[in-house]
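Visitor: Below is the file model23.cif, with mmCIF, C-alpha atoms.
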data_coords
#
loop_
_atom_site.label_atom_id
_atom_site.label_comp_id
_atom_site.auth_asym_id
_atom_site.auth_seq_id
_atom_site.Cartn_x
_atom_site.Cartn_y
_atom_site.Cartn_z
CA MET A 1 -59.37 -234.38 202.25
CA ASN A 2 -57.81 -237.31 200.40
CA ASP A 3 -54.60 -239.32 200.57
CA ASP A 4 -52.87 -237.11 198.04
CA LYS A 5 -53.52 -234.03 200.09
CA ILE A 6 -52.17 -235.73 203.18
CA ALA A 7 -49.07 -236.74 201.24
CA VAL A 8 -48.59 -233.18 200.05
CA MET A 9 -49.01 -231.80 203.54
CA LEU A 10 -46.56 -234.29 204.98
CA ASP A 11 -44.08 -233.28 202.32
CA GLU A 12 -44.61 -229.62 203.20
CA LEU A 13 -44.06 -230.43 206.84
CA ARG A 14 -40.81 -232.20 205.95
CA LYS A 15 -39.64 -229.18 203.95
CA LEU A 16 -40.66 -226.81 206.73
CA ARG A 17 -38.61 -228.80 209.19
CA GLU A 18 -35.63 -228.74 206.87
CA ARG A 19 -35.91 -224.97 206.50
CA ARG A 20 -36.38 -224.41 210.19
CA VAL A 21 -33.31 -222.93 211.81
CA PRO A 22 -32.77 -224.70 215.10
CA CYS A 23 -32.76 -222.32 217.99
CA GLY A 24 -30.40 -222.69 220.90
CA GLN A 25 -27.36 -224.88 221.21
CA PHE A 26 -26.83 -228.41 222.37
CA SER A 27 -24.88 -228.97 225.53
CA SER A 28 -21.54 -230.71 225.12
CA THR A 29 -21.55 -234.49 224.99
CA GLU A 30 -19.71 -234.61 228.30
CA ASP A 31 -22.29 -232.37 229.98
CA PHE A 32 -25.07 -234.46 228.50
CA ARG A 33 -23.40 -237.63 229.75
CA LYS A 34 -22.90 -236.15 233.20
CA ASN A 35 -26.53 -235.02 233.42
CA PHE A 36 -27.79 -238.35 232.15
CA PHE A 37 -25.83 -240.50 234.58
CA SER A 38 -26.71 -238.19 237.43
CA ALA A 39 -30.43 -238.53 236.58
CA ALA A 40 -30.11 -242.26 235.89
CA GLY A 41 -28.36 -242.75 239.24
CA ASN A 42 -31.49 -241.48 240.98
CA THR A 43 -33.72 -243.91 239.18
CA ARG A 44 -33.96 -247.58 239.73
CA PRO A 45 -34.04 -250.04 236.83
CA CYS A 46 -37.42 -251.74 236.51
CA LEU A 47 -37.55 -255.45 237.11
CA ALA A 48 -38.44 -257.47 234.05
CA PHE A 49 -40.97 -259.20 236.26
CA PRO A 50 -42.20 -256.46 238.62
CA LEU A 51 -42.66 -257.11 242.31
CA TRP A 52 -46.41 -256.73 242.18
CA LYS A 53 -46.55 -259.55 239.65
CA ILE A 54 -44.45 -261.76 241.94
CA ALA A 55 -46.75 -260.91 244.87
CA ALA A 56 -49.86 -261.58 242.79
CA SER A 57 -48.46 -264.91 241.61
CA ALA A 58 -47.62 -265.92 245.18
CA ALA A 59 -51.13 -264.93 246.32
CA ALA A 60 -52.67 -266.94 243.49
CA VAL A 61 -50.58 -270.01 244.34
CA PHE A 62 -51.51 -269.62 248.00
CA ALA A 63 -55.21 -269.38 247.13
CA VAL A 64 -55.02 -272.50 244.96
CA LEU A 65 -53.21 -274.42 247.70
CA ALA A 66 -55.75 -273.25 250.28
CA CYS A 67 -58.60 -274.48 248.07
CA LEU A 68 -56.85 -277.80 247.49
CA ALA A 69 -56.26 -278.20 251.21
CA TYR A 70 -59.88 -277.37 251.93
CA PHE A 71 -61.18 -280.02 249.54
CA ALA A 72 -58.47 -282.62 250.08
CA PHE A 73 -58.58 -282.42 253.88
CA PRO A 74 -62.09 -281.53 254.94
CA ASP A 75 -62.07 -280.93 258.65
CA THR A 76 -64.62 -283.65 259.35
CA ASP A 77 -62.04 -285.95 260.75
CA GLY A 78 -59.12 -283.64 261.10
CA ASP A 79 -57.40 -284.44 264.32
CA SER A 80 -59.77 -287.18 265.44
CA LYS A 81 -57.46 -290.11 265.86
CA CYS A 82 -55.41 -288.96 268.76
CA ALA A 83 -57.22 -285.85 269.84
CA GLY A 84 -57.26 -286.19 273.54
CA ASN A 85 -60.77 -285.49 274.65
CA SER A 86 -60.48 -286.88 278.10
CA LEU A 87 -64.14 -286.29 278.92
CA PHE A 88 -65.20 -288.34 275.93
CA TYR A 89 -62.81 -291.20 276.51
CA GLU A 90 -63.43 -291.32 280.22
CA SER A 91 -67.18 -291.41 279.59
CA LEU A 92 -66.63 -294.04 276.95
CA ARG A 93 -64.68 -296.21 279.34
CA LEU A 94 -67.38 -295.92 281.96
CA PHE A 95 -70.61 -296.06 279.95
CA ARG A 96 -69.75 -297.81 276.73
CA LYS A 97 -71.28 -301.11 277.74
CA ASP A 98 -74.58 -299.60 278.85
CA ALA A 99 -75.20 -296.58 276.66
CA GLY A 100 -74.03 -294.64 273.70
CA VAL A 101 -71.81 -291.64 274.37
CA ILE A 102 -71.63 -288.38 272.48
CA CYS A 103 -69.60 -285.30 273.31
CA LEU A 104 -70.72 -282.09 271.67
CA ASN A 105 -67.92 -279.66 272.41
CA ASP A 106 -67.68 -280.03 276.21
CA SER A 107 -71.18 -281.43 276.80
CA LEU A 108 -71.64 -285.11 277.45
CA ILE A 109 -74.78 -286.69 276.02
CA THR A 110 -75.77 -290.30 276.38
CA PHE A 111 -78.23 -292.14 274.19
CA GLU A 112 -79.83 -295.51 274.05
CA ARG A 113 -78.21 -297.71 271.45
CA SER A 114 -80.25 -300.01 269.24
CA THR A 115 -77.81 -302.87 269.77
CA SER A 116 -76.36 -304.42 272.86
CA ALA A 117 -72.95 -305.02 271.30
CA PRO A 118 -70.35 -302.61 272.64
CA ALA A 119 -69.41 -299.73 270.35
CA LYS A 120 -66.38 -300.77 268.32
CA TYR A 121 -65.34 -297.42 266.92
CA ALA A 122 -64.84 -293.84 268.00
CA TYR A 123 -65.61 -291.01 265.59
CA SER A 124 -64.61 -287.42 265.68
CA ILE A 125 -66.56 -285.07 263.43
CA VAL A 126 -66.38 -281.33 263.02
CA LEU A 127 -69.78 -279.82 262.31
CA ARG A 128 -70.57 -276.31 261.18
CA ASP A 129 -73.70 -274.48 262.17
CA GLY A 130 -75.55 -272.09 259.89
CA ASN A 131 -73.11 -269.30 260.78
CA GLY A 132 -70.08 -271.42 259.92
CA LYS A 133 -69.17 -271.86 263.59
CA LYS A 134 -67.34 -275.11 264.27
CA LEU A 135 -68.72 -277.68 266.70
CA SER A 136 -66.81 -280.77 267.74
CA LEU A 137 -68.81 -283.97 267.91
CA LYS A 138 -67.31 -287.17 269.25
CA LEU A 139 -69.20 -290.39 269.50
CA ALA A 140 -68.75 -294.12 269.84
CA ALA A 141 -70.75 -296.60 267.76
CA SER A 142 -70.34 -299.44 265.30
CA ASP A 143 -69.61 -298.81 261.63
CA ASP A 144 -73.22 -299.43 260.61
CA GLU A 145 -75.67 -297.88 263.01
CA ALA A 146 -78.64 -295.57 263.21
CA ILE A 147 -78.49 -293.37 266.29
CA ARG A 148 -81.43 -291.44 267.58
CA VAL A 149 -80.51 -288.77 270.10
CA ASP A 150 -83.15 -287.14 272.19
CA SER A 151 -81.74 -284.93 274.90
CA PRO A 152 -82.18 -281.24 275.74
CA GLU A 153 -78.65 -280.46 274.47
CA LEU A 154 -78.92 -282.39 271.23
CA SER A 155 -81.65 -284.18 269.32
CA GLY A 156 -81.94 -285.81 265.95
CA ILE A 157 -80.53 -288.67 263.94
CA ILE A 158 -77.04 -289.85 263.07
CA LEU A 159 -76.67 -292.58 260.45
CA LEU A 160 -73.37 -294.37 260.09
CA ILE A 161 -72.95 -296.38 256.89
CA PRO A 162 -69.79 -298.28 255.92
CA SER A 163 -68.21 -296.83 252.83
CA ASP A 164 -65.09 -298.92 252.26
CA ASP A 165 -62.41 -300.58 254.36
CA SER A 166 -61.29 -297.44 256.05
CA MET A 167 -64.12 -294.93 255.87
CA VAL A 168 -67.65 -294.58 257.19
CA VAL A 169 -70.23 -292.19 255.82
CA ALA A 170 -71.96 -290.18 258.52
CA GLU A 171 -75.27 -288.53 257.77
CA MET A 172 -76.52 -286.22 260.47
CA GLU A 173 -79.54 -284.11 261.07
CA LEU A 174 -79.32 -282.70 264.56
CA ARG A 175 -80.71 -279.83 266.49
CA THR A 176 -78.93 -278.20 269.41
CA ALA A 177 -80.37 -276.68 272.58
CA LYS A 178 -80.29 -273.29 270.84
CA ASN A 179 -82.41 -274.82 268.08
CA THR A 180 -79.51 -274.65 265.64
CA LEU A 181 -79.88 -277.17 262.85
CA LEU A 182 -76.76 -279.20 262.12
CA LYS A 183 -77.13 -281.07 258.86
CA GLN A 184 -74.11 -282.73 257.37
CA LEU A 185 -73.04 -285.65 255.21
CA CYS A 186 -69.40 -286.57 255.43
CA ALA A 187 -66.91 -289.42 255.40
CA VAL A 188 -65.10 -290.12 258.64
CA THR A 189 -62.37 -292.49 259.67
CA PRO A 190 -63.39 -294.76 262.50
CA VAL A 191 -60.86 -295.36 265.27
CA ARG A 192 -61.09 -298.84 266.71
CA ILE A 193 -61.80 -298.99 270.44
CA GLY A 194 -59.79 -301.56 272.33
CA SER A 195 -61.12 -303.96 274.96
CA ASP A 196 -60.06 -301.52 277.67
CA GLY A 197 -62.44 -298.93 276.22
CA MET A 198 -59.65 -296.76 274.90
CA PRO A 199 -59.15 -296.05 271.20
CA GLU A 200 -56.31 -298.02 269.66
CA CYS A 201 -54.20 -295.02 268.98
CA PHE A 202 -54.05 -294.43 272.71
CA ASN A 203 -52.47 -297.79 273.40
CA MET B 1 -24.74 -252.65 236.48
CA ALA B 2 -21.26 -251.95 235.14
CA SER B 3 -22.14 -253.46 231.79
CA GLN B 4 -25.33 -251.37 231.66
CA GLU B 5 -23.32 -248.21 232.28
CA GLU B 6 -20.83 -249.20 229.64
CA LEU B 7 -23.62 -249.80 227.16
CA PHE B 8 -25.03 -246.34 227.75
CA HIS B 9 -21.60 -244.69 227.60
CA ASN B 10 -21.09 -246.26 224.18
CA MET B 11 -24.59 -245.33 223.12
CA ILE B 12 -23.98 -241.69 223.99
CA ASP B 13 -20.61 -241.69 222.21
CA GLU B 14 -21.91 -243.27 219.03
CA LYS B 15 -25.55 -242.29 218.69
CA LEU B 16 -26.12 -239.04 220.55
CA PRO B 17 -25.80 -236.87 217.39
CA MET B 18 -28.34 -239.05 215.58
CA PHE B 19 -30.81 -239.01 218.51
CA ARG B 20 -30.43 -235.24 218.81
CA SER B 21 -30.96 -234.75 215.11
CA ILE B 22 -34.17 -236.81 215.13
CA ALA B 23 -35.48 -235.02 218.19
CA LEU B 24 -34.50 -231.60 216.85
CA ARG B 25 -36.43 -232.11 213.62
CA ILE B 26 -39.54 -232.81 215.66
CA VAL B 27 -39.34 -230.27 218.46
CA GLY B 28 -37.42 -227.52 216.62
CA ASN B 29 -35.14 -226.36 219.40
CA CYS B 30 -32.02 -227.76 220.97
CA ALA B 31 -33.10 -227.52 224.60
CA ASP B 32 -36.30 -229.53 224.04
CA ALA B 33 -34.41 -231.96 221.80
CA ASP B 34 -31.86 -232.57 224.55
CA ASP B 35 -34.67 -233.04 227.06
CA ALA B 36 -36.35 -235.57 224.79
CA VAL B 37 -33.13 -237.54 224.29
CA GLN B 38 -32.31 -237.37 227.99
CA GLN B 39 -35.79 -238.58 228.91
CA ALA B 40 -35.65 -241.34 226.31
CA LEU B 41 -32.32 -242.60 227.61
CA ILE B 42 -33.60 -242.56 231.18
CA SER B 43 -36.69 -244.55 230.11
CA ALA B 44 -34.41 -247.00 228.33
CA TRP B 45 -32.19 -247.23 231.42
CA ARG B 46 -35.17 -248.03 233.62
CA LYS B 47 -36.80 -250.44 231.22
CA GLN B 48 -33.71 -252.10 229.85
CA SER B 49 -34.71 -255.46 231.27
CA THR B 50 -37.90 -255.33 229.19
CA PHE B 51 -35.94 -254.81 225.98
CA ARG B 52 -36.37 -257.73 223.63
CA ASN B 53 -33.40 -258.56 221.47
CA GLU B 54 -35.56 -258.75 218.39
CA ALA B 55 -34.50 -255.18 217.57
CA LYS B 56 -31.21 -253.37 217.81
CA PHE B 57 -30.81 -251.55 221.08
CA SER B 58 -30.17 -248.23 219.34
CA ASN B 59 -33.32 -248.66 217.21
CA TRP B 60 -35.33 -249.27 220.33
CA ILE B 61 -33.98 -246.06 221.84
CA THR B 62 -34.69 -244.22 218.56
CA SER B 63 -38.35 -245.17 218.92
CA ILE B 64 -38.36 -243.84 222.46
CA VAL B 65 -36.66 -240.62 221.34
CA ILE B 66 -39.36 -240.10 218.69
CA ASN B 67 -42.13 -240.70 221.21
CA GLU B 68 -40.58 -238.41 223.82
CA SER B 69 -40.05 -235.72 221.19
CA TYR B 70 -43.67 -235.86 220.11
CA ASN B 71 -44.77 -235.72 223.74
CA ILE B 72 -42.78 -232.52 224.17
CA LEU B 73 -44.02 -231.16 220.84
CA SER B 74 -47.69 -231.71 221.65
CA LYS B 75 -47.16 -230.16 225.09
CA ARG B 76 -45.56 -227.08 223.49
CA MET B 77 -48.34 -226.84 220.92
CA ARG B 78 -51.03 -227.02 223.55
CA GLU B 79 -49.25 -224.26 225.47
CA LYS B 80 -48.99 -222.20 222.28
CA ARG B 81 -52.68 -222.69 221.56
CA LYS B 82 -53.65 -221.66 225.09
CA ILE B 83 -51.56 -218.51 224.83
CA SER B 84 -53.01 -217.57 221.45
CA GLU B 85 -56.53 -218.21 222.75
CA ALA B 86 -55.88 -216.14 225.86
CA THR B 87 -54.35 -213.23 223.96
CA LYS B 88 -56.81 -213.67 221.08
CA VAL B 89 -54.00 -213.23 218.62
CA ASP B 90 -55.25 -213.83 215.12
CA GLY B 91 -53.84 -213.46 211.69
CA HIS B 92 -51.74 -216.64 211.60
CA ASP B 93 -50.85 -217.95 208.23
CA PRO B 94 -53.59 -220.58 207.45
CA GLN B 95 -50.99 -222.82 205.83
CA SER B 96 -48.82 -222.68 208.92
CA GLU B 97 -51.84 -223.39 211.13
CA MET B 98 -52.72 -226.38 208.97
CA LEU B 99 -49.19 -227.72 209.36
CA ASP B 100 -49.39 -227.18 213.11
CA ARG B 101 -52.58 -229.25 213.17
CA LEU B 102 -50.94 -231.89 211.05
CA GLU B 103 -48.01 -232.09 213.46
CA LEU B 104 -50.40 -232.39 216.37
CA ALA B 105 -52.30 -235.11 214.54
CA VAL B 106 -49.04 -236.99 213.92
CA ALA B 107 -48.26 -236.63 217.62
CA GLU B 108 -51.59 -238.24 218.47
CA LEU B 109 -51.09 -241.29 216.24
CA PRO B 110 -50.41 -244.66 217.86
CA GLY B 111 -46.68 -245.11 218.50
CA CYS B 112 -45.80 -247.42 215.61
CA TYR B 113 -47.54 -245.24 213.00
CA ARG B 114 -46.00 -242.08 214.41
CA GLU B 115 -42.52 -243.64 214.28
CA THR B 116 -43.15 -244.91 210.75
CA LEU B 117 -44.20 -241.50 209.44
CA GLU B 118 -41.36 -239.79 211.23
CA LEU B 119 -38.62 -242.08 209.99
CA ALA B 120 -39.98 -242.86 206.54
CA LEU B 121 -41.46 -239.52 205.48
CA LEU B 122 -40.42 -236.69 207.74
CA SER B 123 -36.82 -237.40 208.69
CA GLY B 124 -35.45 -237.85 205.22
CA HIS B 125 -34.40 -241.46 205.64
CA THR B 126 -34.77 -243.90 202.75
CA SER B 127 -37.47 -246.56 203.02
CA GLU B 128 -34.82 -249.23 203.54
CA GLU B 129 -33.17 -247.28 206.34
CA ALA B 130 -36.52 -246.59 207.97
CA ALA B 131 -37.53 -250.25 207.68
CA GLU B 132 -34.27 -251.33 209.28
CA MET B 133 -34.65 -248.82 212.10
CA LEU B 134 -38.20 -250.00 212.69
CA ASN B 135 -37.12 -253.63 212.46
CA CYS B 136 -39.66 -254.49 209.77
CA SER B 137 -39.71 -255.26 206.05
CA THR B 138 -40.23 -252.51 203.47
CA ASN B 139 -43.60 -254.08 202.62
CA THR B 140 -44.70 -253.73 206.22
CA LEU B 141 -43.36 -250.19 206.22
CA TYR B 142 -45.48 -249.26 203.18
CA GLN B 143 -48.55 -250.82 204.78
CA ARG B 144 -47.95 -248.84 207.95
CA ILE B 145 -47.46 -245.63 205.96
CA HIS B 146 -50.76 -246.24 204.19
CA LYS B 147 -52.57 -246.92 207.44
CA ALA B 148 -50.91 -243.92 209.12
CA LYS B 149 -52.07 -241.63 206.32
CA ASN B 150 -55.61 -242.92 206.67
CA LEU B 151 -55.54 -242.27 210.39
CA LEU B 152 -54.11 -238.81 209.80
CA ARG B 153 -56.83 -238.02 207.28
CA GLN B 154 -59.49 -239.06 209.80
CA LYS B 155 -57.91 -236.96 212.53
CA MET B 156 -57.62 -233.92 210.28
CA MET B 157 -61.25 -234.28 209.21
CA GLU B 158 -62.34 -234.62 212.84
CA ALA B 159 -60.39 -231.44 213.55
CA GLY B 160 -62.47 -229.69 210.90
CA ASN B 161 -60.09 -229.66 207.94
CA GLU B 162 -61.89 -230.64 204.74
#
Turn the structure described in the file into structure tokens.
Guide:
Amino acid sequence: MNDDKIAVMLDELRKLRERRVPCGQFSSTEDFRKNFFSAAGNTRPCLAFPLWKIAASAAAVFAVLACLAYFAFPDTDGDSKCAGNSLFYESLRLFRKDAGVICLNDSLITFERSTSAPAKYAYSIVLRDGNGKKLSLKLAASDDEAIRVDSPELSGIILLIPSDDSMVVAEMELRTAKNTLLKQLCAVTPVRIGSDGMPECFN
Amino acid sequence: MASQEELFHNMIDEKLPMFRSIALRIVGNCADADDAVQQALISAWRKQSTFRNEAKFSNWITSIVINESYNILSKRMREKRKISEATKVDGHDPQSEMLDRLELAVAELPGCYRETLELALLSGHTSEEAAEMLNCSTNTLYQRIHKAKNLLRQKMMEAGNE
């Protein structure tokens, strides 16, 4: 079969259609119009930008914002400044001069500090265990300190290294009583502790 | 919504005979032709917001009428084939069978080639009229006709016509 044959067949089809006597009769224009508008009335015009596209766009924007929020505001320091952990601050007020103080969730842990100078800053850090479960760790120390903790509830090392004027890098390798390893490197904002043993934001 | 209704009222007043004539040439009977036009207008009503003003509104609906008509035609031909297979009726005119296959092959072409063949070769329009209705130049029209014929030839050969 070649192009010529196709052309001939198309021409035959055209002639056949011309010869064909249409069967039946068209309805009147008014009947057609009535039927059309009745059918069109039951249908809803499509949106140029369908709803599913709007929903998908909103979901995409939400996902992007969630990612940005996750990276821009890591929950290491989240609500540290004024989070009222009364146990921690009360312990700090009482023991700060003699020992280091750590609160892991609701457990109070003291440790021997390597320096006799009172802790100048309070830190609040959110740790995640291997299962992603959040643990709140609050401690008082200087902005440049190596802390060795050795208690049944928590053991390991916390290194605090000044990063710039407002941030301190905390490197932690800790093990809980349940033998869960908490390993984290993050930047935290130190909160200055006043002479009364309370963080400045409490004054 | 009022303006949309008005647009369709005018469209029915001015273009209904032309739409019916195009559909009738394809499907061969008035009832199916009316169904095709009705369905095409309803599709246009629903999708009006997607219409791009690059083409005339009536030309856009013409394309939909052609597509709807071919949908109905291929449905009817499949039904016809099933009936003839079931009743094992033989003795059709081979020429007429060949033209049936050709019509079915046209119905299976991609939309733009089907519309091109219909308007440029099968409906009796001039090339210029067909090009205007398809919103393309005559050069593009000839290229599409050429391509459409190639596709048709392939389809006919696949269907076993040498």
Visitor: Excluding region 135-148 of chain A and any residue of its chain fewer than 3 positions from it, enumerate the residues within 9 Å of it, using all atoms listed in the file, and give them as a count of residues only.
Guide: 43
Visitor: Taking all atoms listed in the file into account, find every residue of chain A that has an atom no more than 12 Å from chain B, and write it out as a VMD selection string.
Guide: chain A and resid 1 to 50
Visitor: I'd like the neighbourhood of Ala148 (chain B) as a PyMOL selection string, where a residue qualifies if any of its atoms comes within 9 Å (using all atoms listed in the file), though same-chain residues fewer than 3 positions away should be ignored.
Guide: chain B and resi 106+109-110+112-114+116-117+143-145+151-153
Visitor: Rounded to one decimal place, report the CA of Glu129 (chain B)-CA of Ile72 (chain B) distance in Å.
Guide: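 Separation of CA of Glu129 (chain B) and CA of Ile72 (chain B): 25.1 Å.
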Visitor: Between CA of Val149 (chain A) and CA of Gln184 (chain A), what is the spacing in Å?
Guide: 15.5 Å
Visitor: Using the chain letters and residue numbers of this document, give as number ranges by chain the residues selected by the PyMOL selection byres ((chain A and resi 153) around 6).
Guide: A: 151-152, 154, 176-177
Visitor: Apply the PyMOL selection byres ((chain B and resi 60) around 12) to the structure shown and report the selected residues as a PyMOL selection string.
Guide: chain B and resi 11+19+40-41+43-45+47-48+50-59+61-67+112+115+132-135
Visitor: Would you compute the distance between CA of Ser107 (chain A) and CA of Ser86 (chain A)? Give it in Å to one decimal.
Guide: 12.1 Å
Visitor: For Leu104 (chain B), please output as a list in words all residues within 8 Å (counting all atoms listed in the file; exclusion window: fewer than 5 positions along the same chain).
Guide: Leu73, Ser74 and Met77 of chain B
Visitor: Could you get me a file of region 63-124 of chain B with C-alpha atoms, as a compact mmCIF listing (two decimals), in the first residue's frame, taken from the block above?
Guide:
# COMPACT_ATOMS: atom_id res chain seq x y z
CA SER B 63 -12.47 20.22 16.49
CA ILE B 64 -14.44 18.83 19.40
CA VAL B 65 -17.38 18.00 17.12
CA ILE B 66 -15.05 16.06 14.80
CA ASN B 67 -13.54 14.15 17.70
CA GLU B 68 -16.92 13.34 19.24
CA SER B 69 -18.24 12.23 15.86
CA TYR B 70 -15.33 9.88 15.34
CA ASN B 71 -15.79 8.51 18.85
CA ILE B 72 -19.39 7.69 17.99
CA LEU B 73 -18.41 6.32 14.58
CA SER B 74 -15.79 3.95 15.98
CA LYS B 75 -18.24 2.81 18.66
CA ARG B 76 -20.86 2.07 15.99
CA MET B 77 -18.32 0.25 13.84
CA ARG B 78 -17.17 -1.91 16.71
CA GLU B 79 -20.81 -2.77 17.42
CA LYS B 80 -21.35 -3.56 13.74
CA ARG B 81 -18.27 -5.78 13.68
CA LYS B 82 -19.39 -7.65 16.79
CA ILE B 83 -22.81 -8.27 15.30
CA SER B 84 -21.39 -9.51 12.00
CA GLU B 85 -18.96 -11.77 13.87
CA ALA B 86 -21.73 -13.13 16.06
CA THR B 87 -24.11 -13.77 13.17
CA LYS B 88 -21.23 -14.84 10.90
CA VAL B 89 -22.70 -12.80 8.10
CA ASP B 90 -20.36 -12.82 5.15
CA GLY B 91 -20.50 -11.60 1.62
CA HIS B 92 -19.82 -7.91 2.28
CA ASP B 93 -18.52 -5.92 -0.59
CA PRO B 94 -14.67 -5.99 -0.16
CA GLN B 95 -14.47 -2.38 -1.30
CA SER B 96 -17.01 -1.32 1.30
CA GLU B 97 -15.16 -3.30 3.98
CA MET B 98 -11.91 -1.60 2.99
CA LEU B 99 -13.57 1.80 3.34
CA ASP B 100 -14.95 0.78 6.73
CA ARG B 101 -11.42 -0.10 7.83
CA LEU B 102 -10.15 3.16 6.46
CA GLU B 103 -12.77 5.08 8.43
CA LEU B 104 -11.84 3.18 11.55
CA ALA B 105 -8.18 3.92 10.92
CA VAL B 106 -8.98 7.63 10.53
CA ALA B 107 -10.90 7.45 13.80
CA GLU B 108 -7.82 6.04 15.52
CA LEU B 109 -5.46 8.78 14.32
CA PRO B 110 -4.21 11.36 16.82
CA GLY B 111 -6.67 14.26 17.10
CA CYS B 112 -4.85 16.86 15.00
CA TYR B 113 -4.28 14.47 12.07
CA ARG B 114 -7.86 13.23 12.22
CA GLU B 115 -9.18 16.81 12.15
CA THR B 116 -6.82 17.69 9.31
CA LEU B 117 -7.94 14.78 7.13
CA GLU B 118 -11.57 15.41 7.93
CA LEU B 119 -11.55 19.11 7.14
CA ALA B 120 -9.04 19.13 4.30
CA LEU B 121 -9.90 15.93 2.44
CA LEU B 122 -13.17 14.43 3.55
CA SER B 123 -15.47 17.38 4.22
CA GLY B 124 -15.03 19.13 0.93
